[in-house]
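Structure file model21.cif; described as mmCIF, C-alpha atoms.
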data_start
loop_
_atom_site.label_atom_id
_atom_site.label_comp_id
_atom_site.auth_asym_id
_atom_site.auth_seq_id
_atom_site.Cartn_x
_atom_site.Cartn_y
_atom_site.Cartn_z
CA MET T 196 -24.44 -2.64 7.09
CA THR T 197 -23.75 -4.14 3.68
CA THR T 198 -20.52 -5.72 2.62
CA THR T 199 -19.77 -2.74 0.42
CA GLU T 200 -20.36 -0.38 3.33
CA MET T 201 -18.01 -2.41 5.51
CA ARG T 202 -15.24 -1.98 2.96
CA ARG T 203 -15.85 1.76 2.94
CA THR T 204 -15.04 2.05 6.64
CA ALA T 205 -11.35 2.15 5.70
CA PRO T 206 -10.49 4.48 2.81
CA ARG T 207 -8.54 2.67 0.11
CA ARG T 208 -5.82 5.33 0.11
CA ARG T 209 -5.16 4.61 3.80
CA ARG T 210 -4.78 0.85 3.52
CA ILE T 211 -1.34 0.70 1.90
CA PRO T 212 0.31 3.08 4.43
CA VAL T 213 -1.32 1.11 7.26
CA PHE T 214 0.03 -2.21 5.97
CA CYS T 215 3.48 -0.69 5.40
CA ALA T 216 3.50 0.77 8.92
CA GLY T 217 2.46 -2.58 10.37
CA ILE T 218 5.19 -4.47 8.52
CA ALA T 219 7.77 -1.85 9.56
CA GLY T 220 6.67 -2.18 13.19
CA LEU T 221 6.93 -5.97 13.01
CA LEU T 222 10.42 -5.79 11.50
CA LEU T 223 11.47 -3.42 14.30
CA CYS T 224 10.14 -5.86 16.91
CA ILE T 225 12.04 -8.71 15.24
CA VAL T 226 15.32 -6.77 15.42
CA LEU T 227 14.70 -5.76 19.05
CA SER T 228 13.79 -9.35 19.93
CA LEU T 229 17.15 -10.46 18.57
CA ALA T 230 19.06 -7.64 20.25
CA PHE T 231 17.54 -7.55 23.76
CA GLY T 232 17.83 -10.17 26.47
CA ALA T 233 19.81 -10.87 29.62
CA ARG T 234 22.70 -9.35 27.66
CA SER T 235 21.92 -6.76 24.99
CA VAL T 236 23.91 -6.63 21.77
CA PRO T 237 24.20 -3.81 19.20
CA VAL T 238 21.92 -3.91 16.19
CA ALA T 239 24.99 -4.00 13.95
CA THR T 240 26.03 -7.28 15.59
CA VAL T 241 22.54 -8.65 15.02
CA ILE T 242 22.75 -7.85 11.31
CA GLU T 243 26.25 -9.33 11.03
CA ALA T 244 25.10 -12.49 12.80
CA LEU T 245 22.13 -12.88 10.44
CA LEU T 246 24.43 -12.41 7.45
CA GLY T 247 26.91 -14.95 8.84
CA ALA T 248 29.63 -12.31 9.09
CA ALA T 249 30.13 -12.62 12.88
CA GLN T 250 31.46 -15.59 14.85
CA SER T 251 31.43 -14.08 18.33
CA ARG T 252 29.63 -15.45 21.39
CA ASP T 253 26.91 -12.84 20.90
CA ALA T 254 26.39 -14.06 17.35
CA LEU T 255 25.98 -17.64 18.57
CA VAL T 256 23.41 -16.53 21.14
CA ILE T 257 21.47 -14.66 18.44
CA ILE T 258 21.47 -17.53 15.95
CA ASP T 259 21.05 -20.48 18.33
CA MET T 260 18.68 -19.00 20.93
CA ARG T 261 17.06 -15.69 20.05
CA LEU T 262 16.34 -16.35 16.37
CA PRO T 263 14.38 -19.60 17.00
CA ARG T 264 12.53 -17.88 19.87
CA THR T 265 11.63 -14.96 17.60
CA LEU T 266 10.44 -17.23 14.79
CA VAL T 267 8.29 -19.17 17.25
CA GLY T 268 6.89 -15.85 18.52
CA ILE T 269 5.98 -14.78 14.97
CA ALA T 270 4.20 -18.06 14.26
CA VAL T 271 2.36 -18.15 17.59
CA GLY T 272 1.35 -14.48 17.40
CA ALA T 273 0.11 -14.80 13.82
CA ALA T 274 -1.90 -17.92 14.66
CA LEU T 275 -3.50 -16.33 17.74
CA GLY T 276 -4.27 -13.05 15.95
CA LEU T 277 -5.88 -14.81 13.00
CA ALA T 278 -7.80 -17.20 15.25
CA GLY T 279 -9.14 -14.26 17.25
CA ALA T 280 -10.46 -12.48 14.15
CA ILE T 281 -12.10 -15.67 12.87
CA VAL T 282 -13.78 -16.60 16.15
CA GLN T 283 -15.14 -13.06 16.51
CA GLY T 284 -16.52 -13.32 12.98
CA VAL T 285 -18.02 -16.76 13.52
CA THR T 286 -19.70 -15.86 16.82
CA ARG T 287 -20.40 -12.22 15.87
CA ASN T 288 -19.13 -11.46 19.36
CA PRO T 289 -16.46 -8.72 19.58
CA LEU T 290 -15.27 -10.00 22.97
CA ALA T 291 -14.77 -13.59 21.79
CA SER T 292 -11.30 -15.14 21.59
CA PRO T 293 -9.88 -18.66 21.18
CA THR T 294 -10.31 -19.02 24.93
CA THR T 295 -14.06 -18.88 24.28
CA LEU T 296 -13.90 -22.36 22.76
CA GLY T 297 -12.10 -23.74 25.82
CA ILE T 298 -8.86 -24.36 23.88
CA ASN T 299 -6.51 -22.94 26.53
CA ALA T 300 -8.20 -24.78 29.38
CA GLY T 301 -8.32 -28.07 27.47
CA ALA T 302 -4.66 -27.84 26.53
CA GLY T 303 -3.73 -26.98 30.12
CA LEU T 304 -5.56 -29.96 31.56
CA ALA T 305 -4.02 -32.32 29.00
CA VAL T 306 -0.48 -31.11 29.73
CA VAL T 307 -0.93 -31.25 33.49
CA THR T 308 -2.41 -34.75 33.23
CA ALA T 309 0.48 -35.89 31.00
CA ILE T 310 3.05 -34.55 33.48
CA PHE T 311 1.22 -36.13 36.41
CA ALA T 312 0.64 -39.53 34.81
CA LEU T 313 3.63 -39.93 32.46
CA GLY T 314 6.30 -37.86 34.18
CA LEU T 315 7.04 -35.59 31.18
CA ASP T 316 9.36 -32.69 31.92
CA ARG T 317 10.22 -30.89 28.64
CA PRO T 318 8.03 -28.42 26.70
CA VAL T 319 8.70 -30.21 23.40
CA GLN T 320 7.09 -33.32 24.93
CA PHE T 321 3.91 -31.40 25.73
CA VAL T 322 3.09 -30.38 22.13
CA TRP T 323 0.81 -33.20 21.07
CA PHE T 324 -0.91 -33.48 24.46
CA ALA T 325 -1.65 -29.75 24.41
CA PHE T 326 -2.92 -29.84 20.83
CA ALA T 327 -5.10 -32.87 21.50
CA GLY T 328 -6.49 -31.36 24.71
CA GLY T 329 -7.30 -28.04 23.06
CA ALA T 330 -8.91 -29.72 20.06
CA ALA T 331 -11.00 -32.03 22.24
CA ALA T 332 -12.21 -29.12 24.37
CA ALA T 333 -13.11 -27.10 21.26
CA ALA T 334 -14.97 -30.06 19.74
CA PHE T 335 -16.94 -30.51 22.97
CA THR T 336 -17.74 -26.79 23.06
CA MET T 337 -19.00 -26.91 19.47
CA ALA T 338 -21.15 -29.91 20.37
CA LEU T 339 -22.66 -27.91 23.24
CA GLY T 340 -23.20 -24.95 20.91
CA ARG T 341 -25.11 -26.84 18.22
CA ARG T 342 -28.81 -26.27 17.83
CA ALA T 343 -30.92 -27.52 14.94
CA GLY T 344 -27.80 -28.48 13.01
CA ASP T 345 -26.19 -25.03 13.32
CA LEU T 346 -23.71 -23.47 15.74
CA ASP T 347 -25.62 -21.00 17.87
CA PRO T 348 -23.26 -18.12 18.83
CA VAL T 349 -24.82 -17.61 22.28
CA ARG T 350 -24.84 -21.33 23.14
CA LEU T 351 -21.27 -21.59 21.84
CA VAL T 352 -19.99 -18.82 24.12
CA LEU T 353 -21.92 -20.09 27.15
CA GLY T 354 -20.82 -23.67 26.55
CA GLY T 355 -17.19 -22.62 26.17
CA THR T 356 -17.29 -20.53 29.34
CA VAL T 357 -18.78 -23.35 31.42
CA LEU T 358 -16.36 -25.92 30.00
CA GLN T 359 -13.42 -23.64 30.67
CA LEU T 360 -14.42 -23.24 34.32
CA VAL T 361 -14.76 -26.99 34.75
CA LEU T 362 -11.42 -27.77 33.10
CA VAL T 363 -9.58 -25.10 35.08
CA SER T 364 -11.02 -26.56 38.28
CA TRP T 365 -9.81 -30.06 37.35
CA THR T 366 -6.39 -28.69 36.47
CA SER T 367 -6.14 -26.88 39.80
CA ALA T 368 -7.15 -30.04 41.65
CA VAL T 369 -4.33 -32.04 40.01
CA LEU T 370 -1.80 -29.31 40.79
CA VAL T 371 -2.88 -29.13 44.43
CA PHE T 372 -2.28 -32.85 44.97
CA SER T 373 1.04 -33.10 43.09
CA GLU T 374 3.84 -30.69 43.92
CA ARG T 375 6.09 -32.25 41.26
CA THR T 376 3.46 -31.62 38.58
CA LEU T 377 3.09 -28.04 39.76
CA ASP T 378 6.86 -27.47 39.48
CA GLU T 379 6.99 -28.88 35.96
CA ALA T 380 3.80 -27.30 34.60
CA ARG T 381 3.84 -23.80 36.06
CA PHE T 382 6.20 -22.33 33.42
CA TRP T 383 4.20 -23.85 30.56
CA LEU T 384 0.90 -22.71 32.10
CA ALA T 385 2.26 -19.16 32.41
CA GLY T 386 2.65 -19.01 28.62
CA SER T 387 6.13 -18.51 27.23
CA ILE T 388 8.20 -18.67 24.06
CA ALA T 389 11.48 -18.83 25.99
CA GLN T 390 13.54 -21.97 25.30
CA ARG T 391 11.17 -22.87 22.44
CA ASP T 392 12.87 -23.86 19.23
CA LEU T 393 11.83 -24.91 15.75
CA ALA T 394 11.68 -28.55 16.88
CA ALA T 395 8.65 -27.64 18.99
CA LEU T 396 7.07 -25.66 16.16
CA ALA T 397 7.61 -28.16 13.35
CA PRO T 398 5.03 -30.80 14.42
CA VAL T 399 2.14 -28.30 14.46
CA ALA T 400 3.27 -26.08 11.56
CA PRO T 401 1.13 -28.01 9.02
CA ALA T 402 -1.95 -27.48 11.21
CA MET T 403 -1.20 -23.74 11.31
CA VAL T 404 -0.93 -23.62 7.51
CA ILE T 405 -4.20 -25.51 7.04
CA GLY T 406 -5.93 -23.17 9.50
CA LEU T 407 -4.53 -20.18 7.61
CA LEU T 408 -5.82 -21.52 4.29
CA ILE T 409 -9.28 -22.20 5.72
CA GLY T 410 -9.37 -18.69 7.14
CA ALA T 411 -8.42 -17.19 3.78
CA ALA T 412 -11.07 -19.28 2.03
CA ILE T 413 -13.95 -18.23 4.30
CA ALA T 414 -13.02 -14.53 4.64
CA PRO T 415 -15.68 -13.36 2.12
CA ALA T 416 -18.24 -15.66 3.76
CA LEU T 417 -17.52 -14.13 7.18
CA ASP T 418 -18.42 -10.72 5.71
CA THR T 419 -21.75 -12.18 4.61
CA LEU T 420 -22.26 -13.79 8.02
CA ALA T 421 -21.75 -10.40 9.66
CA LEU T 422 -25.01 -9.26 8.07
CA GLY T 423 -26.91 -11.65 10.35
CA ASP T 424 -28.06 -15.23 9.91
CA GLU T 425 -31.34 -14.43 8.16
CA ALA T 426 -29.78 -11.98 5.72
CA ALA T 427 -26.90 -14.37 5.02
CA LYS T 428 -29.30 -17.25 4.34
CA SER T 429 -31.39 -15.04 2.06
CA LEU T 430 -28.22 -14.38 0.04
CA GLY T 431 -27.64 -18.12 -0.27
CA ALA T 432 -24.78 -18.38 2.21
CA PRO T 433 -24.39 -21.81 3.91
CA VAL T 434 -24.33 -20.40 7.44
CA ALA T 435 -23.84 -23.72 9.23
CA ARG T 436 -20.92 -24.75 7.03
CA ILE T 437 -19.29 -21.33 7.37
CA ARG T 438 -19.41 -21.53 11.16
CA LEU T 439 -18.13 -25.11 11.18
CA ALA T 440 -15.23 -24.22 8.87
CA GLY T 441 -14.42 -21.16 10.97
CA ALA T 442 -14.45 -23.17 14.18
CA CYS T 443 -12.13 -25.79 12.62
CA ALA T 444 -9.73 -23.02 11.56
CA VAL T 445 -9.70 -21.61 15.09
CA VAL T 446 -8.99 -25.04 16.57
CA LEU T 447 -6.07 -25.62 14.20
CA LEU T 448 -4.58 -22.15 14.67
CA ALA T 449 -5.10 -21.60 18.38
CA GLY T 450 -4.55 -25.25 19.28
CA SER T 451 -1.19 -25.20 17.51
CA ALA T 452 -0.16 -21.93 19.15
CA VAL T 453 -1.09 -23.11 22.64
CA ALA T 454 0.68 -26.42 22.07
CA VAL T 455 3.95 -24.63 21.40
CA SER T 456 3.85 -21.74 23.85
CA GLY T 457 1.26 -22.58 26.48
CA PRO T 458 -1.80 -20.38 27.01
CA ILE T 459 -1.11 -16.74 26.06
CA ALA T 460 -4.10 -14.52 26.69
CA PHE T 461 -5.43 -11.42 24.92
CA ILE T 462 -3.39 -11.60 21.69
CA GLY T 463 -6.36 -13.18 19.93
CA LEU T 464 -8.73 -10.68 21.48
CA ALA T 465 -6.67 -7.53 21.04
CA ALA T 466 -5.25 -7.96 17.51
CA PRO T 467 -8.59 -7.66 15.63
CA HIS T 468 -9.67 -4.66 17.72
CA LEU T 469 -6.40 -2.82 17.13
CA VAL T 470 -6.50 -3.19 13.34
CA ARG T 471 -10.26 -2.86 12.78
CA PRO T 472 -10.29 0.97 13.09
CA LEU T 473 -7.43 1.12 10.58
CA VAL T 474 -8.52 -1.31 7.86
CA GLY T 475 -12.27 -1.60 8.40
CA ASN T 476 -14.54 -4.54 9.16
CA SER T 477 -14.09 -6.52 5.95
CA HIS T 478 -12.48 -9.84 6.80
CA ARG T 479 -10.59 -9.78 3.49
CA LEU T 480 -8.45 -7.02 5.02
CA LEU T 481 -8.94 -7.81 8.70
CA LEU T 482 -7.50 -11.33 8.56
CA PRO T 483 -4.19 -10.46 6.82
CA SER T 484 -3.86 -7.43 9.11
CA CYS T 485 -4.12 -9.71 12.14
CA LEU T 486 -1.29 -11.81 10.71
CA ILE T 487 0.87 -8.72 11.24
CA ALA T 488 -0.68 -7.36 14.44
CA GLY T 489 -0.63 -10.68 16.32
CA PRO T 490 3.14 -11.32 16.15
CA LEU T 491 3.83 -7.60 16.61
CA LEU T 492 1.91 -7.62 19.91
CA LEU T 493 3.41 -10.89 21.11
CA LEU T 494 7.01 -9.93 20.32
CA ALA T 495 6.52 -6.49 21.91
CA ALA T 496 5.18 -8.15 25.09
CA ASP T 497 8.05 -10.67 25.08
CA ILE T 498 10.62 -7.89 24.74
CA LEU T 499 8.98 -5.96 27.58
CA GLY T 500 9.07 -9.09 29.76
CA ARG T 501 12.81 -9.41 29.17
CA LEU T 502 13.50 -5.78 30.04
CA VAL T 503 11.45 -5.26 33.21
CA ALA T 504 13.19 -7.97 35.25
CA ARG T 505 16.72 -8.11 33.80
CA PRO T 506 18.82 -10.23 34.03
CA SER T 507 15.84 -12.53 34.63
CA GLU T 508 12.58 -12.14 32.70
CA VAL T 509 8.79 -12.23 33.03
CA GLU T 510 6.93 -14.82 30.95
CA VAL T 511 5.14 -13.31 27.97
CA GLY T 512 1.83 -14.84 29.06
CA ILE T 513 2.04 -12.88 32.32
CA VAL T 514 2.85 -9.65 30.46
CA THR T 515 -0.08 -10.02 28.05
CA ALA T 516 -2.43 -10.87 30.91
CA PHE T 517 -1.25 -7.82 32.88
CA LEU T 518 -1.66 -5.48 29.91
CA GLY T 519 -4.77 -7.19 28.54
CA ALA T 520 -6.95 -6.79 31.63
CA PRO T 521 -7.33 -2.99 31.29
CA LEU T 522 -7.76 -3.44 27.53
CA LEU T 523 -10.63 -5.87 28.07
CA ALA T 524 -12.27 -3.43 30.50
CA LEU T 525 -11.92 -0.64 27.93
CA LEU T 526 -13.39 -2.78 25.16
CA ALA T 527 -16.28 -3.84 27.34
CA ARG T 528 -17.16 -0.23 28.18
CA THR T 529 -16.65 1.52 24.86
CA ARG T 530 -19.56 1.83 22.50
CA GLU T 531 -17.22 1.66 19.53
CA VAL T 532 -16.82 -2.11 19.85
CA ARG T 533 -18.57 -3.92 16.99
#
So, in terms of structure tokens, how does the structure I just supplied come out?
Amino acid sequence: MTTTEMRRTAPRRRRIPVFCAGIAGLLLCIVLSLAFGARSVPVATVIEALLGAAQSRDALVIIDMRLPRTLVGIAVGAALGLAGAIVQGVTRNPLASPTTLGINAGAGLAVVTAIFALGLDRPVQFVWFAFAGGAAAAAFTMALGRRAGDLDPVRLVLGGTVLQLVLVSWTSAVLVFSERTLDEARFWLAGSIAQRDLAALAPVAPAMVIGLLIGAAIAPALDTLALGDEAAKSLGAPVARIRLAGACAVVLLAGSAVAVSGPIAFIGLAAPHLVRPLVGNSHRLLLPSCLIAGPLLLLAADILGRLVARPSEVEVGIVTAFLGAPLLALLARTREVR
């Protein structure tokens, strides 16, 4: 399939309505995220609170608690969705996700180790440990995946899978021997954007922006890479540099997201597959579409988690894992996956 043919998979006249529908869906999720919680408030109150026209207790809850949580959810969902599309393009594996590089497992081990050794007890304290752990695991996976100076997609996936299993085992071992660490880490390990504010997002926001810019820069190159290594090289594409840049973008995006929210599964896997039938396989359209689909999925899952166990709530990482398992089985069985 040529690059031109890939663009033809989504008729041009259909792209604008698809983008408009996606943005409308995301705006709806933002409003619902602000309105729903242990105590629901009318949409009119949400709008008044955002405009500064309300001073009630509900308005304070919306501005001080739900708005930061929603903004964090948008950033984390966008980063995971974009990282998922890039890693699938780099590895040419439709079932790849940031987890493939061992980022979640590396971040989890680093956070658990920091809690065990340093006695940390607040999510905002975990940010840099999680980012460093995820980045180190991804760098090690890329080292395992290198062959003859290039990143081999098969070796990369196998190396990431093995590393993930090892890191998860080490993490479990630490949790078994320290009940205090288990109590402190279990909510972070479940994956959540509850009680996350902009102070937790700010340190890693620059890394998210750099990852976004790298992704935008290599989008045309990922289309060329999709033709296969030999065809891409015959067209003059620097395959090794494209894969290295893509892997760096994934580390920055997914590492930042995991650092803020903990490991949240399936957003990175599902977002590209949901938008690909609508916008086609060209990464010039796929990547910006995932910037909409990722936060839409994450906010929808977070809202569902608040509603199913009111007045308590289910962590968003548990909701995505519960809903993502049948999705993964469907993707693995369908012949439409590319």
Can you translate the PyMOL selection byres ((chain T and resi 355-365) around 7) into the concrete residues it hits in this file, as a PDB file with C-alpha atoms, in the coordinates of the input?
ATOM      1  CA  THR T 295     -14.060 -18.880  24.280  1.00  0.00           C
ATOM      2  CA  LEU T 296     -13.900 -22.360  22.760  1.00  0.00           C
ATOM      3  CA  GLY T 297     -12.100 -23.740  25.820  1.00  0.00           C
ATOM      4  CA  ALA T 300      -8.200 -24.780  29.380  1.00  0.00           C
ATOM      5  CA  GLY T 301      -8.320 -28.070  27.470  1.00  0.00           C
ATOM      6  CA  LEU T 304      -5.560 -29.960  31.560  1.00  0.00           C
ATOM      7  CA  THR T 336     -17.740 -26.790  23.060  1.00  0.00           C
ATOM      8  CA  LEU T 351     -21.270 -21.590  21.840  1.00  0.00           C
ATOM      9  CA  VAL T 352     -19.990 -18.820  24.120  1.00  0.00           C
ATOM     10  CA  LEU T 353     -21.920 -20.090  27.150  1.00  0.00           C
ATOM     11  CA  GLY T 354     -20.820 -23.670  26.550  1.00  0.00           C
ATOM     12  CA  THR T 366      -6.390 -28.690  36.470  1.00  0.00           C
ATOM     13  CA  SER T 367      -6.140 -26.880  39.800  1.00  0.00           C
ATOM     14  CA  ALA T 368      -7.150 -30.040  41.650  1.00  0.00           C
ATOM     15  CA  VAL T 369      -4.330 -32.040  40.010  1.00  0.00           C
TER      16      VAL T 369
END
Starting from the shown file, work through the PyMOL selection byres ((chain T and resi 510) around 9) and note down what comes out as a PyMOL selection string.
-> chain T and resi 382+385-389+497+500-501+508-509+511-515
Write the residues you've just listed into a file as a tab-separated table (two decimals), in the coordinates of the input, and include C-alpha atoms for each of them.
chain	number	residue	atom	x	y	z
T	382	PHE	CA	6.20	-22.33	33.42
T	385	ALA	CA	2.26	-19.16	32.41
T	386	GLY	CA	2.65	-19.01	28.62
T	387	SER	CA	6.13	-18.51	27.23
T	388	ILE	CA	8.20	-18.67	24.06
T	389	ALA	CA	11.48	-18.83	25.99
T	497	ASP	CA	8.05	-10.67	25.08
T	500	GLY	CA	9.07	-9.09	29.76
T	501	ARG	CA	12.81	-9.41	29.17
T	508	GLU	CA	12.58	-12.14	32.70
T	509	VAL	CA	8.79	-12.23	33.03
T	511	VAL	CA	5.14	-13.31	27.97
T	512	GLY	CA	1.83	-14.84	29.06
T	513	ILE	CA	2.04	-12.88	32.32
T	514	VAL	CA	2.85	-9.65	30.46
T	515	THR	CA	-0.08	-10.02	28.05
Report as an mmCIF file with C-alpha atoms, keeping the file's coordinate frame the residues that result from applying the PyMOL selection byres ((chain T and resi 263-269) around 7) to the structure here.
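See result20.cif below for the written result:
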data_model
loop_
_atom_site.group_PDB
_atom_site.id
_atom_site.type_symbol
_atom_site.label_atom_id
_atom_site.label_comp_id
_atom_site.auth_asym_id
_atom_site.auth_seq_id
_atom_site.Cartn_x
_atom_site.Cartn_y
_atom_site.Cartn_z
ATOM 1 C CA ILE T 225 12.040 -8.710 15.240
ATOM 2 C CA SER T 228 13.790 -9.350 19.930
ATOM 3 C CA ASP T 259 21.050 -20.480 18.330
ATOM 4 C CA MET T 260 18.680 -19.000 20.930
ATOM 5 C CA ARG T 261 17.060 -15.690 20.050
ATOM 6 C CA LEU T 262 16.340 -16.350 16.370
ATOM 7 C CA ALA T 270 4.200 -18.060 14.260
ATOM 8 C CA VAL T 271 2.360 -18.150 17.590
ATOM 9 C CA GLY T 272 1.350 -14.480 17.400
ATOM 10 C CA ALA T 273 0.110 -14.800 13.820
ATOM 11 C CA ILE T 388 8.200 -18.670 24.060
ATOM 12 C CA ALA T 389 11.480 -18.830 25.990
ATOM 13 C CA GLN T 390 13.540 -21.970 25.300
ATOM 14 C CA ARG T 391 11.170 -22.870 22.440
ATOM 15 C CA ASP T 392 12.870 -23.860 19.230
ATOM 16 C CA LEU T 393 11.830 -24.910 15.750
ATOM 17 C CA LEU T 396 7.070 -25.660 16.160
ATOM 18 C CA PRO T 490 3.140 -11.320 16.150
ATOM 19 C CA LEU T 493 3.410 -10.890 21.110
ATOM 20 C CA LEU T 494 7.010 -9.930 20.320
#
Between T:Ala325, T:Ala330, T:Ala465, T:Leu499, single out the one closest to T:Ala280, counting only C-alpha atoms.
-> T:Ala465
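Among the candidates T:Ala274, T:Leu525, T:Ala520, T:Ala333, the residue lying nearest to T:Leu407 is T:Ala274 (atoms considered: only C-alpha atoms).
Within 8 Å of T:Val241, once only C-alpha atoms are used and residues closer than 3 positions along the same chain are dropped, the contacting residues are Val226, Leu229, Ala230, Val236, Pro237, Val238, Ala244, Leu245, Ala254 and Ile257 of chain T.
Closest approach to T:Trp383 from the set T:Asp424, T:Ser456, T:Ala411, T:Gly441 is made by T:Ser456, with distances taken over all atoms listed in the file.
Here the question is which of T:Ser507, T:Ser484, T:Ser451, T:Thr286 gets nearest to T:Phe324 using only C-alpha atoms, and that residue is T:Ser451.
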List the neighbours of T:Ile498 out to 8 Å using only C-alpha atoms; skip same-chain residues closer than 5 positions along the sequence, and give me the result as a PyMOL selection string.
-> chain T and resi 227-228+231-232
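With distances taken over all atoms listed in the file, T:Ile462 is the one residue among T:Ala291, T:Val446, T:Ile462, T:Val474 lying closest to T:Leu491.
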Determine, counting all atoms listed in the file, which protein, DNA and RNA residues have an atom within 9 Å of an atom of T:Asn288; residues of the same chain fewer than 4 positions away are not included. Present the result as a PyMOL selection string.
-> chain T and resi 282-284+292+348-349+352+533
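Of the listed residues T:Leu481, T:Ala219, T:Val307, T:Ala524, the one whose atoms come nearest to T:Phe372 is T:Val307, with distances taken using only C-alpha atoms.
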Box dimensions and centre (Å, one decimal) enclosing stretch 238-247 of chain T, axis-aligned, 5 Å extra per side, as lines of an AutoDock Vina configuration file:
center_x = 24.4
center_y = -9.4
center_z = 11.8
size_x = 15.0
size_y = 21.0
size_z = 18.7
